[in-house]
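Reproduced below: target-v3.txt, with compact mmCIF, C-alpha atoms.
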```
# COMPACT_ATOMS: atom_id res chain seq x y z
CA MET A 1 23.11 17.80 50.03
CA SER A 2 19.66 16.29 49.46
CA ASN A 3 17.50 17.45 46.56
CA LYS A 4 13.97 16.13 46.96
CA ASN A 5 11.78 15.83 43.90
CA ILE A 6 8.78 14.17 45.52
CA MET A 7 5.17 14.78 44.52
CA LYS A 8 2.53 14.24 47.21
CA HIS A 9 -1.02 13.37 46.25
CA ALA A 10 -4.14 11.86 47.76
CA THR A 11 -6.78 9.64 46.24
CA ILE A 12 -10.30 9.62 47.66
CA TYR A 13 -12.21 6.39 47.16
CA LYS A 14 -15.92 5.64 47.40
CA LEU A 15 -17.25 2.18 48.18
CA LYS A 16 -19.78 1.02 45.61
CA ASP A 17 -22.83 -1.15 46.35
CA ASP A 18 -21.06 -4.25 45.03
CA GLY A 19 -18.17 -3.80 47.51
CA THR A 20 -15.61 -2.50 45.03
CA GLN A 21 -13.97 0.91 45.27
CA THR A 22 -14.11 3.67 42.72
CA ILE A 23 -11.99 6.82 42.64
CA LEU A 24 -14.06 9.84 43.60
CA ALA A 25 -11.25 12.39 43.33
CA THR A 26 -7.48 12.77 43.12
CA CYS A 27 -5.75 15.74 44.72
CA VAL A 28 -2.19 16.65 43.74
CA LEU A 29 0.13 19.16 45.42
CA LYS A 30 1.63 21.46 42.76
CA ASN A 31 3.62 24.59 43.54
CA GLY A 32 2.22 24.76 47.07
CA VAL A 33 -1.44 24.50 45.99
CA VAL A 34 -3.62 21.41 45.78
CA ILE A 35 -5.39 20.68 42.49
CA CYS A 36 -8.28 18.21 42.74
CA THR A 37 -9.87 16.39 39.80
CA GLY A 38 -12.63 13.83 39.62
CA ASN A 39 -16.34 13.98 40.44
CA ASP A 40 -17.29 17.59 39.64
CA ILE A 41 -19.73 18.02 42.54
CA PHE A 42 -17.34 16.49 45.07
CA VAL A 43 -14.37 18.58 43.85
CA LYS A 44 -16.46 21.77 43.88
CA ASN A 45 -17.47 21.02 47.47
CA LEU A 46 -13.82 20.56 48.49
CA GLU A 47 -12.94 23.89 46.88
CA GLU A 48 -15.88 25.86 48.30
CA GLU A 49 -16.52 24.22 51.68
CA GLY A 50 -13.04 22.92 52.50
CA ILE A 51 -12.26 20.24 55.08
CA ARG A 52 -11.81 20.29 58.83
CA ASP A 53 -8.31 20.83 60.22
CA TYR A 54 -8.10 18.21 62.96
CA LEU A 55 -4.60 19.37 64.00
CA SER A 56 -5.70 22.92 64.79
CA GLU A 57 -6.50 23.98 68.33
CA ASN A 58 -9.50 25.81 66.82
CA SER A 59 -12.17 23.12 66.39
CA ASN A 60 -13.81 25.16 63.62
CA ALA A 61 -10.64 25.56 61.52
CA THR A 62 -11.17 24.80 57.85
CA LEU A 63 -8.56 24.01 55.20
CA PHE A 64 -8.87 24.67 51.49
CA PRO A 65 -6.80 23.52 48.50
CA LYS A 66 -4.89 26.82 48.63
CA ASP A 67 -3.49 25.65 51.99
CA GLY A 68 -1.35 23.13 50.14
CA GLU A 69 0.34 20.32 52.03
CA LEU A 70 -1.79 20.83 55.17
CA PHE A 71 -4.90 20.20 53.05
CA ILE A 72 -3.44 16.98 51.58
CA GLU A 73 -2.35 15.74 55.01
CA GLN A 74 -5.83 16.23 56.51
CA LEU A 75 -7.78 14.44 53.76
CA PRO A 76 -7.44 10.99 55.42
CA ASN A 77 -8.76 12.42 58.70
CA ASN A 78 -11.81 13.83 56.91
CA PHE A 79 -12.55 10.81 54.73
CA ARG A 80 -12.25 7.61 56.76
CA SER A 81 -15.67 6.05 56.93
CA GLY A 82 -17.02 2.77 55.65
CA TYR A 83 -17.95 4.43 52.36
CA LEU A 84 -15.29 7.10 51.83
CA MET A 85 -11.55 6.78 52.31
CA ALA A 86 -8.56 8.98 51.43
CA GLU A 87 -5.00 7.70 51.01
CA ILE A 88 -1.86 9.80 50.69
CA GLU A 89 0.90 8.69 48.35
CA GLU A 90 4.28 10.15 47.53
CA GLU A 91 5.95 9.69 44.18
CA GLY A 92 9.34 10.72 42.97
CA GLU A 93 12.87 10.38 44.14
CA GLU A 94 15.42 11.83 46.50
CA LYS A 95 18.70 12.93 44.97
```

Please re-express this file's structure in structure tokens.
Amino acid sequence: MSNKNIMKHATIYKLKDDGTQTILATCVLKNGVVICTGNDIFVKNLEEEGIRDYLSENSNATLFPKDGELFIEQLPNNFRSGYLMAEIEEEGEEK
């Protein structure tokens, strides 16, 4: 029997004027809810405005941190421009 103890999180990067990347926010899935930390204005916008759900048949569907894993999975689809980029990472182990 497999016991997964894997933590999923996403990091959102912003490209600076000198070409280097800086972390704008980090979002971690904990107990089914996403907790984002980082730039206060950016994090507040994620919490209040949400992000678009590109997998939904409803083109106006919005996801919020309370939507958990779906929110994390859609971050890269919402932040993939020349200046903003989100990457999902999984940490932990399978037992």

(request) Just give me the gap between atom CA of Arg52 of chain A and atom CA of Ile35 of chain A in Å, one decimal is fine. (result)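 Those two atoms sit 17.6 Å apart.
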
With segment 10-30 of chain A as the partner and 9 Å as the cut-off, tabulate the residues of segment 63-91 of chain A that qualify, each row holding the nearest pair of atoms and their distance in Å to one decimal, using only C-alpha atoms, sorted by chain and rising number, as a Markdown table.
```
| residue | atom | partner | partner_atom | distance |
| --- | --- | --- | --- | --- |
| A:Pro65 | CA | A:Cys27 | CA | 8.7 |
| A:Gly68 | CA | A:Leu29 | CA | 6.3 |
| A:Glu69 | CA | A:Leu29 | CA | 6.7 |
| A:Ile72 | CA | A:Ala10 | CA | 6.4 |
| A:Glu73 | CA | A:Ala10 | CA | 8.4 |
| A:Leu75 | CA | A:Ala10 | CA | 7.5 |
| A:Pro76 | CA | A:Ile12 | CA | 8.4 |
| A:Phe79 | CA | A:Ile12 | CA | 7.5 |
| A:Gly82 | CA | A:Leu15 | CA | 7.5 |
| A:Tyr83 | CA | A:Leu15 | CA | 4.8 |
| A:Leu84 | CA | A:Lys14 | CA | 4.7 |
| A:Met85 | CA | A:Tyr13 | CA | 5.2 |
| A:Ala86 | CA | A:Ile12 | CA | 4.2 |
| A:Glu87 | CA | A:Ala10 | CA | 5.3 |
| A:Ile88 | CA | A:Ala10 | CA | 4.2 |
| A:Glu89 | CA | A:Ala10 | CA | 6.0 |
| A:Glu90 | CA | A:Ala10 | CA | 8.6 |
```

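Separating atom CA of Leu63 of chain A from atom CA of Asn31 of chain A is a distance of 16.9 Å.
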
For segment 71-76 of chain A, take all atoms listed in the file, fit an axis-aligned box around them, add 5 Å to each of the six sides, then output centre and edge lengths in Å rounded to one decimal, as lines of an AutoDock Vina configuration file.
```
center_x = -5.1
center_y = 15.6
center_z = 54.0
size_x = 15.4
size_y = 19.2
size_z = 14.9
```

(request) Enter the distance from atom CA of Glu91 of chain A to atom CA of Thr62 of chain A, in Å, rounded to one decimal. (result) 26.6 Å

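Considering only C-alpha atoms, the residue among A:Leu70, A:Met7, A:Phe64, A:Cys36 positioned nearest to Glu48 of chain A is A:Phe64.
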
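With distances taken over all atoms listed in the file, A:Gly32 is the one residue among A:Gly32, A:Asn39, A:His9, A:Glu49 lying closest to Asp67 of chain A.
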